[in-house]
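Heads up: the structure comes next, in structure tokens.
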Amino acid sequence: MMQTRRSSLRFKHFSRKGYALFSVLGREVLVGTLTVATLTHAKAEGVSVDKERADDTMQRQELRLDEVVVTGSRTPLTQSEAAKIVSVITREEIQRAAAETVNDVLKLATGVDVRQRGGFGVQTDISIGGGTFDQIAILLNGVNISNPQTGHLSADFPVSLDDIQRIEIVQGAAARVFGASAFNGAINIVTSPSGSFCAADAERKAPVLVGVEGGSYGTFGGTARVAFPSCCKGRGSVSMSYRQSDGGTSNSYFRQSQGFYQSRASLDGLVRKLFPSLEDRSGELSWQFGLSTKRYGANTFYSAAYPNQYESNARLFASIGADLHLGLLQLRIQPYWNRNYDHFQLIRNTAIGENFHRNDVFGASANLSAEWQLGRSSFGAEIRKEIIYSTNLGSPLGEDDFVSVPRHDGIYYNKRCKRTDFNLFLEHNVLLRNFTASLGIVANRNTGYSSDYRFYPGIDLSYRPADKWKLTASWNMAFRMPTFTDLFYKSPTQQGNVGLKPERTQSLRFAADYDAPAYSLRASFFYDHGTDMIDWVMYSAEDVYHSANFRLDNYGAELNATFRPCAVWLNSPVTEIKLNYAYITQTRHDDTYVFKSNYAMEYLRHKFIASIDHRIVSRLSASWSFRWQQRMGSYMVYENAKSTGEIRPYHPYGILDLKLRWTAPHYSLSLSLNNLTSYRYYDLGNVLQPSFWLMAGVKFTF
């Protein structure tokens, strides 16, 4: 079973003090990252994201580390000081889950909504807390890889599950921490050179992992990765993966490949030479490069009137980051670049509704944190330039400015749109023994909207009345620019709106946590007041979809309970039991009648997850998960690609999954059985989801 954690923690740097990393080797230490201008790498490799807890019956001594840093703010804060809750899905939980992709893993996170048109996350929309897929920031090792063309393509991760160290989820408005795209939350995929290597393998000079898999619907694939020493006492890794399938639904076949390289190097020697008078000084340089491609049948992607749609995407991604620790000052600098290619056909192998797009994002961020007598403060800046060349999106170009489309002779990008987003961040943290107040503000200017600066403040509060209790409250404002698709897209079934205003929200969050060795409990509540929210809507049964602004309020609550039988019974075959429930309701404030909403009002009213992890025999374990959910909204029924005019509500459904794992020192076997009851359901209108799906795989490390 998968377990989500309330916060991710990490060592900020090595030191000679008693709480330094070398003094706790052999223990389990909570390690995580989500600080500075964006989320960054953890400094320790292969360390469990699970805190060692004390329990009298187990005769164990609790380990407390003063220098462990929690996430959710621009200023590094320790676990006891943190004022925001961040959920973390660990590497171990990812490996246990009956999941083949990142998107499958996120289905088991309580507050996350994953809607798919086919299997393996090829056509997937991800949202948080009743929002839409455009309203979250998607990050890879702290770098924002959100797609300004459309959030439909933001979840094209250039990494495989074997690369991932953990997944971090921030719920609620977080613009003052991560910028404009973190309108309703953020998801950060954190990788490390050790990846899924076990501790023994990771200690090898250059461990290698090779895996193959196959299963239902003609699905098969393979993965390979190698970790190696890099320059200046650093570590690096390279991974590649490929998967193809006929798909579990009509016109949902795909061919998908990924490649990812990352490396780190120490800057300690250089920093010591530049700052010889400082006793506590260190530095690190990190860089990464990713590539992903996929070709797939886009079943009813934009309309059920055209079931034979086709799409191909390619993504290039690169970043470099430098971390310097100079006494009480910490500096992070990170430039990055994303390029995305998109080729869409409304009717496969025809020019009808055919579009070509290329978008580039050039960005750079810097953040300086300092500790002084009145607390801890951070100041940062980020600039992000977004440019799209297209045959459909943007303003018309002169013929001399046309750009040729790669591998398509005689076709040119004849439209373009560009905008620059600039953010200035300021945050201060007041720290008392049992209380933390984190106050911050972001000043934003976007050339695509106006030349004026707009200010979005926020405050997070944390009170710890007792050792195991933690109460948090937060109020934050956020904003989001429309995507290029929202503004310009035009097709036989959709019409964009260049007059759209940026979305704005005010977000309230309250939570109470109780954490004991044998169980953890959390109750939370949220309220989001949205202004100028964006959705694609129809005003009549004969209408096309229009992008439009409106006011919308979201209310929701979550209950999470985790039980650990092994904490009271060392020989318990059951590792963990988890019960999660989320409830959301909406209120729309608009006098205009809407016949059909395509995204914003098709939210999950109920989501319940029950899961259990247990051992069967010595090396054989099982993970069961049951997910029941009810989606609000409805869809227009099509028959033979023709609208019947009937509006049908979504019906609730439950899915039972099982994963069996045999784990040995240098190999592992897995068998995933998804949708054991073969229940047929709709996640999106007119796209019937697969029935029972089986996948088997083997992985070797040497």
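Naming works like this for the structure tokens: A, B, ... for the chains as they're shown, residue 1 at the start of each chain, ligands 1 onward in shown order.
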
Give me, as a compact mmCIF listing (two decimals) with C-alpha atoms, in the first residue's frame, all polymer residues having an atom no more than 9 Å from Asp134 of chain A, counting only C-alpha atoms and skipping those fewer than 5 positions away in the same chain.
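And here is the file that came out, part.txt:
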# COMPACT_ATOMS: atom_id res chain seq x y z
CA ASP A 125 -5.03 15.18 -16.46
CA ILE A 126 -3.89 15.76 -12.86
CA SER A 127 -5.53 18.21 -10.46
CA SER A 146 4.48 23.01 -16.50
CA ASN A 147 3.45 23.43 -20.13
CA PRO A 148 2.18 26.95 -21.02
CA THR A 150 -1.94 23.35 -22.07
CA GLY A 151 -1.96 21.44 -18.80
CA HIS A 152 -2.99 18.36 -20.79
CA SER A 154 2.28 18.99 -18.27
CA SER A 181 1.53 28.19 -11.85
CA PHE A 183 -2.45 28.24 -8.23
CA ARG A 480 -2.72 32.02 -12.92
CA PRO A 482 -4.51 31.54 -19.14
CA THR A 483 -2.70 28.94 -21.22

Shell of 8 Å around Trp624 of chain A, only C-alpha atoms, local chain residues under 5 positions omitted, as an MDAnalysis selection string: chainID A and resid 1 611:613 656:659

Expected file: the selected residues, C-alpha atoms, as a PDB file, in the first residue's frame:
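Output contents, as saved in selection35.pdb:
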ATOM      1  CA  MET A   1       0.000   0.000   0.000  1.00  0.00           C
ATOM      2  CA  SER A 611      -5.071  -0.105   1.357  1.00  0.00           C
ATOM      3  CA  ILE A 612      -3.030  -2.723   3.157  1.00  0.00           C
ATOM      4  CA  ASP A 613       0.553  -3.966   2.852  1.00  0.00           C
ATOM      5  CA  LEU A 656      -9.534  -3.043  -6.578  1.00  0.00           C
ATOM      6  CA  ASP A 657      -5.825  -3.472  -7.387  1.00  0.00           C
ATOM      7  CA  LEU A 658      -3.215  -5.964  -6.163  1.00  0.00           C
ATOM      8  CA  LYS A 659       0.544  -6.079  -6.517  1.00  0.00           C
TER       9      LYS A 659
END

Shell around Tyr306 of chain A at 12 Å using only C-alpha atoms, local window under 5 positions removed, as number ranges by chain: A: 251, 297-301, 345-348, 352-353, 491-493, 638-643, 686

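Here atom CA of Val637 of chain A stands at a distance of 24.1 Å from atom CA of Gln586 of chain A.
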
Close residues, Cys566 of chain A itself excluded, 10 Å, only C-alpha atoms, min 2 positions apart in chain, as a PyMOL selection string: chain A and resi 58+517-518+563-564+568-576

Export of the given selection (all heavy atoms) as a compact mmCIF listing (two decimals), in the first residue's frame:
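Below you can see again.txt, which holds the result:
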# COMPACT_ATOMS: atom_id res chain seq x y z
N MET A 58 8.99 -1.63 22.11
CA MET A 58 9.99 -2.08 21.14
C MET A 58 11.41 -1.82 21.64
O MET A 58 12.37 -2.17 20.99
CB MET A 58 9.77 -1.38 19.80
CG MET A 58 8.40 -1.67 19.18
SD MET A 58 8.09 -0.69 17.72
CE MET A 58 9.33 -1.38 16.61
N PRO A 517 3.74 6.27 17.29
CA PRO A 517 4.44 5.16 16.62
C PRO A 517 3.51 4.18 15.92
O PRO A 517 3.81 3.71 14.83
CB PRO A 517 5.20 4.50 17.76
CG PRO A 517 5.40 5.58 18.77
CD PRO A 517 4.17 6.42 18.69
N ALA A 518 2.36 3.86 16.52
CA ALA A 518 1.49 2.84 15.97
C ALA A 518 0.46 3.38 14.99
O ALA A 518 -0.11 2.62 14.21
CB ALA A 518 0.78 2.08 17.09
N PHE A 563 -2.34 3.01 10.22
CA PHE A 563 -2.06 2.11 11.33
C PHE A 563 -0.84 1.25 10.99
O PHE A 563 -0.73 0.73 9.87
CB PHE A 563 -3.27 1.21 11.61
CG PHE A 563 -4.53 1.98 11.85
CD1 PHE A 563 -5.42 2.23 10.81
CD2 PHE A 563 -4.83 2.47 13.11
CE1 PHE A 563 -6.58 2.94 11.02
CE2 PHE A 563 -5.99 3.19 13.33
CZ PHE A 563 -6.87 3.44 12.28
N ARG A 564 0.06 1.09 11.95
CA ARG A 564 1.29 0.32 11.75
C ARG A 564 1.37 -0.80 12.79
O ARG A 564 1.94 -0.62 13.87
CB ARG A 564 2.51 1.24 11.86
CG ARG A 564 2.40 2.49 10.99
CD ARG A 564 3.56 3.44 11.21
NE ARG A 564 3.31 4.71 10.54
CZ ARG A 564 2.74 5.77 11.11
NH1 ARG A 564 2.35 5.70 12.38
NH2 ARG A 564 2.54 6.87 10.43
N VAL A 568 3.72 -2.30 17.33
CA VAL A 568 3.35 -2.91 18.61
C VAL A 568 3.59 -4.42 18.61
O VAL A 568 3.59 -5.05 19.66
CB VAL A 568 1.88 -2.61 18.95
CG1 VAL A 568 1.68 -1.13 19.22
CG2 VAL A 568 0.94 -3.07 17.84
N TRP A 569 3.76 -4.97 17.40
CA TRP A 569 4.01 -6.42 17.28
C TRP A 569 5.08 -6.60 16.21
O TRP A 569 4.82 -6.51 15.03
CB TRP A 569 2.73 -7.16 16.90
CG TRP A 569 2.92 -8.63 16.71
CD1 TRP A 569 3.89 -9.42 17.25
CD2 TRP A 569 2.12 -9.49 15.89
NE1 TRP A 569 3.77 -10.71 16.83
CE2 TRP A 569 2.67 -10.79 15.99
CE3 TRP A 569 0.99 -9.30 15.09
CZ2 TRP A 569 2.13 -11.87 15.31
CZ3 TRP A 569 0.45 -10.38 14.43
CH2 TRP A 569 1.02 -11.66 14.55
N LEU A 570 6.30 -6.84 16.64
CA LEU A 570 7.44 -6.87 15.73
C LEU A 570 7.29 -7.92 14.65
O LEU A 570 7.77 -7.75 13.53
CB LEU A 570 8.73 -7.11 16.51
CG LEU A 570 9.25 -5.94 17.35
CD1 LEU A 570 10.48 -6.36 18.14
CD2 LEU A 570 9.57 -4.75 16.45
N ASN A 571 6.63 -9.03 14.94
CA ASN A 571 6.48 -10.11 13.97
C ASN A 571 5.18 -10.04 13.17
O ASN A 571 4.79 -11.02 12.53
CB ASN A 571 6.57 -11.47 14.69
CG ASN A 571 7.94 -11.69 15.31
OD1 ASN A 571 8.95 -11.34 14.72
ND2 ASN A 571 7.96 -12.27 16.51
N SER A 572 4.52 -8.92 13.22
CA SER A 572 3.27 -8.79 12.50
C SER A 572 3.50 -8.93 11.00
O SER A 572 4.38 -8.27 10.44
CB SER A 572 2.62 -7.43 12.79
OG SER A 572 1.53 -7.21 11.94
N PRO A 573 2.70 -9.76 10.31
CA PRO A 573 2.83 -9.86 8.85
C PRO A 573 2.29 -8.62 8.14
O PRO A 573 2.60 -8.38 6.97
CB PRO A 573 2.01 -11.10 8.51
CG PRO A 573 1.00 -11.20 9.60
CD PRO A 573 1.68 -10.69 10.84
N VAL A 574 1.45 -7.84 8.83
CA VAL A 574 0.87 -6.63 8.24
C VAL A 574 1.79 -5.45 8.52
O VAL A 574 2.10 -5.14 9.67
CB VAL A 574 -0.53 -6.36 8.80
CG1 VAL A 574 -1.10 -5.08 8.20
CG2 VAL A 574 -1.45 -7.54 8.51
N THR A 575 2.23 -4.82 7.46
CA THR A 575 3.12 -3.67 7.60
C THR A 575 2.34 -2.40 7.89
O THR A 575 2.70 -1.63 8.79
CB THR A 575 3.94 -3.47 6.31
OG1 THR A 575 4.61 -4.68 6.00
CG2 THR A 575 4.94 -2.34 6.47
N GLU A 576 1.27 -2.19 7.14
CA GLU A 576 0.57 -0.92 7.27
C GLU A 576 -0.85 -1.05 6.74
O GLU A 576 -1.12 -1.76 5.77
CB GLU A 576 1.33 0.15 6.48
CG GLU A 576 0.90 1.57 6.75
CD GLU A 576 1.83 2.55 6.07
OE1 GLU A 576 1.76 2.65 4.82
OE2 GLU A 576 2.62 3.21 6.76

Residue contacts of segment 395-411 of chain A (10 Å, only C-alpha atoms) excluding same-chain residues fewer than 4 positions away, as a list in words: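 The filter keeps Tyr341, His343, Phe356, His357, Arg358, Tyr389, Ser390, Thr391, Lys415, Arg416, Cys417, Lys418 and Phe488 of chain A.
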
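You will find atom CA of Glu354 of chain A at 24.0 Å from atom CA of Ala548 of chain A.
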